[in-house]
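Participant: Handing you a structure now.
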Amino acid sequence: MIDLTTPLGDEVLDLRAGDRVTLSGTIYTARDEAHLRMIAEGIPFDPKGAVVYHCGPVVQGGRLVVAGPTTSARMNTLTGFLIDAGVRALIGKGGMGAGVVEQLRGRAVYLALTGGCAALAAARMDLKGVYFEDLGMAEAVWVIEADHLPLTVGIDAHGGDLFCAVREKAKTQFYQRFNI
Amino acid sequence: MMVNSADTGLPGALADATERALAEAEIRLPPDVLAALRRAAAAERDEIARCELANILENIALAEEREVPICQDTGVPVVYLTLPPDIPYTHSLIEGVREGVRRATATIPLRPNVVDPLTRKNTGDNTGVGMPAVHVTPGDRLTITVLPKGAGSENASRIGMLLPSQAADIPKFVAETMLIAGGRPCPPVILGVGIGGTFDGVAALAKEALLLPVDTMDDYEQELCDATNALGIGPMGLGGDTTALAVKVKRADCHTASLPVAVNVQCWACRRATVEVER
């Protein structure tokens with residue numbers, strides 16, 4: 001198990017797809033609408049070494065109630081500008097497209113958090129602030145302090161993509177079983 | 001669980017029952033689903049998959065301990081009512097259900113997920129045009145069953161209008177659904193499979209199949225489950241033995257020239273609860 005702390009730097013380049021890591025420090029939530037807003041108006045936080053979390057939490061009275069990851073693939077075509085600006089890690093579920101794998105190469109990683117584990121995630125998080133609150137609870141950019149989030153490196157900075165490897169194996173199994 | 005209709009009248013009691021059923025479903029998984037997850041965790045051979053399943057089991061325990069929803073995608077409520085012969089199916093009954101959903105959204109709390117399909121404007125309270133979907137069947141008692149449905153798994157669901165000669169291709173259609181979906185619907189999944197009926201009816205059958213207990217499967221369901229697990233997609237698409245916890249099938253007769261098949265994908269958080277309204 002490798003322990004990471006934000007802001008992240010070149011240590012992410014040492015990670016390999018399939019490594020188990022924990023992450024502590026500041027992370028920023030962003031879903032579809034927040035990405036579109038940042039593309040139009042700019043990134044409201046310092047992106048150098050930052051971590052973006054694909055998440056639309058449930059927030060009540062300034063407290064995170066639950067905050068699990070959302071499907072990252074929806075952000076496939078909206079991610080490049082974040083990596084260009086210096087973001088070093090994305091957290092989400094389900095993996096991302098081949099275009100993002102290339103954008104991450106030599107610069108950043110994709111970390112998988114177990115989908116649906118919203119209570120577990122919230123138990124390791126404190127809410128610190130918010131940008132773009134007018135986008136609504138699910139779509140706003142929430143500033144979160146994380147404490148040892150348990151993650152798996154899904155896509156590393158060298159083109160290694162665990163999701164893709166699993167998918168290719170599944171295809172082979174499928175074709176064999178059904179004689180295609 | 002029961003609520004009493006003596007003080008509030010039927011719509012009021014149905015609102016109470018809806019709120020209570022949603023709270024139960026969102027916070028605690030049914031015992032059959034929990035047992036299936038524990039069995040899968042014990043049998044899983046892949047190291048990453050074992051960690052993922054351990055996270056899931058820890059999350060379930062934490063949600064119950066903190067009395068918070070299991071997942072932040074608290075879904076859209078799908079509602080099944082059984083009505084005894086002396087209770088007519090009226091607008092005020094449906095309004096009772098809607099009031100229960102609005103209250104549950106504020107009290108549990110639930111994430112407001114219901115939006116206009118084109119403008120994407122959020123209604124703010126998880127009700128809207130045609131939301132929640134309410135399905136009514138005749139019964140002996142007045143009960144409400146809720147099945148909060150998240151979007152990640154719903155989006156991976158499929159309908160196929162197969163040819164009558166393609167019955168042997170159903171396992172392929174089911175496995176292919178997960179091949180296309182990969183890790184997106186938060187596996188390990190439960191697959192509700194509808195076979196027969198009509199284009200619209202088969203989707204309803206597939207969703208109703210998710211209400212069946214997952215701790216038993218007949219031989220055909222086991223065959224579909226084995227075909228899915230052979231893919232090796234594993235928890236969250238990171239690889240492993242556990243892609244599907246169970247496959248459940250519901251059938252209806254169909255046109256001699258048709259073979260409708262639907263697969264309703266459900267993430268591991270197969271949330272459901274039933275409350276009876278006492279009269």
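Residues are referred to by chain and number: the chain letter is A, B, ... according to the order shown in the structure tokens, the number counts from 1 in that chain, and ligands are numbered separately from 1 in the order shown.
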Would you mind listing, for every residue of chain B within 7 Å of chain A, the two atoms forming the shortest contact and the distance between them in Å to one decimal, using only C-alpha atoms, sorted by chain and ascending residue number, as a Markdown table?

Facilitator:
```
| residue | atom | partner | partner_atom | distance |
| --- | --- | --- | --- | --- |
| B:Glu52 | CA | A:Thr114 | CA | 6.0 |
| B:Asn55 | CA | A:Thr114 | CA | 6.8 |
| B:Ile56 | CA | A:Cys117 | CA | 6.0 |
| B:Glu58 | CA | A:Leu120 | CA | 6.9 |
| B:Asn59 | CA | A:Leu120 | CA | 4.7 |
| B:Leu62 | CA | A:Ala119 | CA | 6.0 |
| B:Ala63 | CA | A:Ala119 | CA | 5.3 |
| B:Val68 | CA | A:Val65 | CA | 6.6 |
| B:Pro69 | CA | A:Val66 | CA | 6.9 |
| B:Ile70 | CA | A:Ala119 | CA | 6.0 |
| B:Cys71 | CA | A:Ala118 | CA | 4.7 |
| B:Gln72 | CA | A:Val66 | CA | 5.3 |
| B:Arg111 | CA | A:Val58 | CA | 5.7 |
| B:Gly152 | CA | A:Thr71 | CA | 6.8 |
| B:Lys172 | CA | A:Phe178 | CA | 6.8 |
| B:Leu179 | CA | A:Ala170 | CA | 6.7 |
| B:Gly182 | CA | A:Arg167 | CA | 6.7 |
| B:Gly183 | CA | A:Gly94 | CA | 4.7 |
| B:Arg184 | CA | A:Gly94 | CA | 4.7 |
| B:Cys186 | CA | A:Gly115 | CA | 5.6 |
| B:Ala230 | CA | A:Gln173 | CA | 6.8 |
| B:Leu231 | CA | A:Ala170 | CA | 4.4 |
| B:Gly232 | CA | A:Ala170 | CA | 5.9 |
| B:Ile233 | CA | A:Val166 | CA | 6.0 |
| B:Met236 | CA | A:Gly94 | CA | 6.2 |
| B:Gly237 | CA | A:Phe163 | CA | 6.0 |
| B:Leu238 | CA | A:Phe163 | CA | 5.7 |
| B:Gly239 | CA | A:Val166 | CA | 5.6 |
```

Participant: Would you mind listing what lies within 12 Å of segment 37-49 of chain A as JSON, numbers by chain, with only C-alpha atoms counted and same-chain residues fewer than 6 positions away left out?

Facilitator: {"A": [4, 5, 6, 7, 8, 9, 10, 11, 12, 25, 26, 27, 28, 29, 30, 31, 77, 78, 79, 80, 81, 82, 83, 84, 85, 86, 87, 88, 89, 90, 107, 108, 109, 129, 130, 131, 132, 133, 134, 135, 139, 140, 141, 142, 143]}

Participant: Between atom CA of Glu145 of chain A and atom CA of Val52 of chain A, what is the distance in Å, rounded to a tenth?

Facilitator: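 Separation between atom CA of Glu145 of chain A and atom CA of Val52 of chain A: 12.1 Å.
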
Participant: One number please: atom CA of Met1 of chain B to atom CA of Pro88 of chain B, in Å, one decimal.

Facilitator: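 The value is 22.8 Å.
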
Participant: From the options B:Asp73, B:Asp46, B:Asp16, B:Glu24, which residue's atoms come nearest to Ala151 of chain B, counting only C-alpha atoms?

Facilitator: B:Asp73

Participant: Please list as a list in words every residue within 9 Å of Ala13 of chain B, counting only C-alpha atoms and excluding residues in the same chain fewer than 3 positions away.

Facilitator: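 Surrounding residues, per the criterion: Val3, Asn4, Ser5, Ala6, Asp7, Thr8, Gly9, Leu10, Asp16, Ala17, Thr18, Gly96, Val277 and Glu278 of chain B.
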
Participant: Take the residues just selected and output them with C-alpha atoms as a tab-separated table (two decimals), in the first residue's frame.

Facilitator:
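So the final result, stored in out-v7.tsv, reads:
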```tsv
chain	number	residue	atom	x	y	z
B	3	VAL	CA	-47.78	1.84	9.46
B	4	ASN	CA	-51.31	2.48	10.69
B	5	SER	CA	-53.92	4.37	8.68
B	6	ALA	CA	-56.31	5.07	11.59
B	7	ASP	CA	-55.14	8.67	12.25
B	8	THR	CA	-54.05	9.93	8.84
B	9	GLY	CA	-56.41	8.26	6.38
B	10	LEU	CA	-55.17	6.13	3.52
B	16	ASP	CA	-45.79	7.52	5.89
B	17	ALA	CA	-45.27	4.03	4.46
B	18	THR	CA	-43.45	5.42	1.40
B	96	GLY	CA	-49.88	9.96	-0.95
B	277	VAL	CA	-50.33	-0.21	5.66
B	278	GLU	CA	-52.39	-1.46	8.60
```

Participant: Could you give me the residues within segment 7-175 of chain B that DSSP places in strand (DSSP E or B), as a PyMOL selection string?

Facilitator: chain B and resi 76-83+115+122+128+131+133-138+143-149+158-162

Participant: Tell me, in Å to one decimal, how far atom CA of Glu65 of chain B is from atom CA of Glu154 of chain B.

Facilitator: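 These two atoms are separated by 27.7 Å.
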
Participant: Between B:Met161, B:Leu37, B:Ile48, B:Ala175, which residue has the minimum interatomic distance to Val202 of chain B, considering only C-alpha atoms?

Facilitator: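 Of B:Met161, B:Leu37, B:Ile48, B:Ala175, the one nearest Val202 of chain B is B:Met161, counting only C-alpha atoms.
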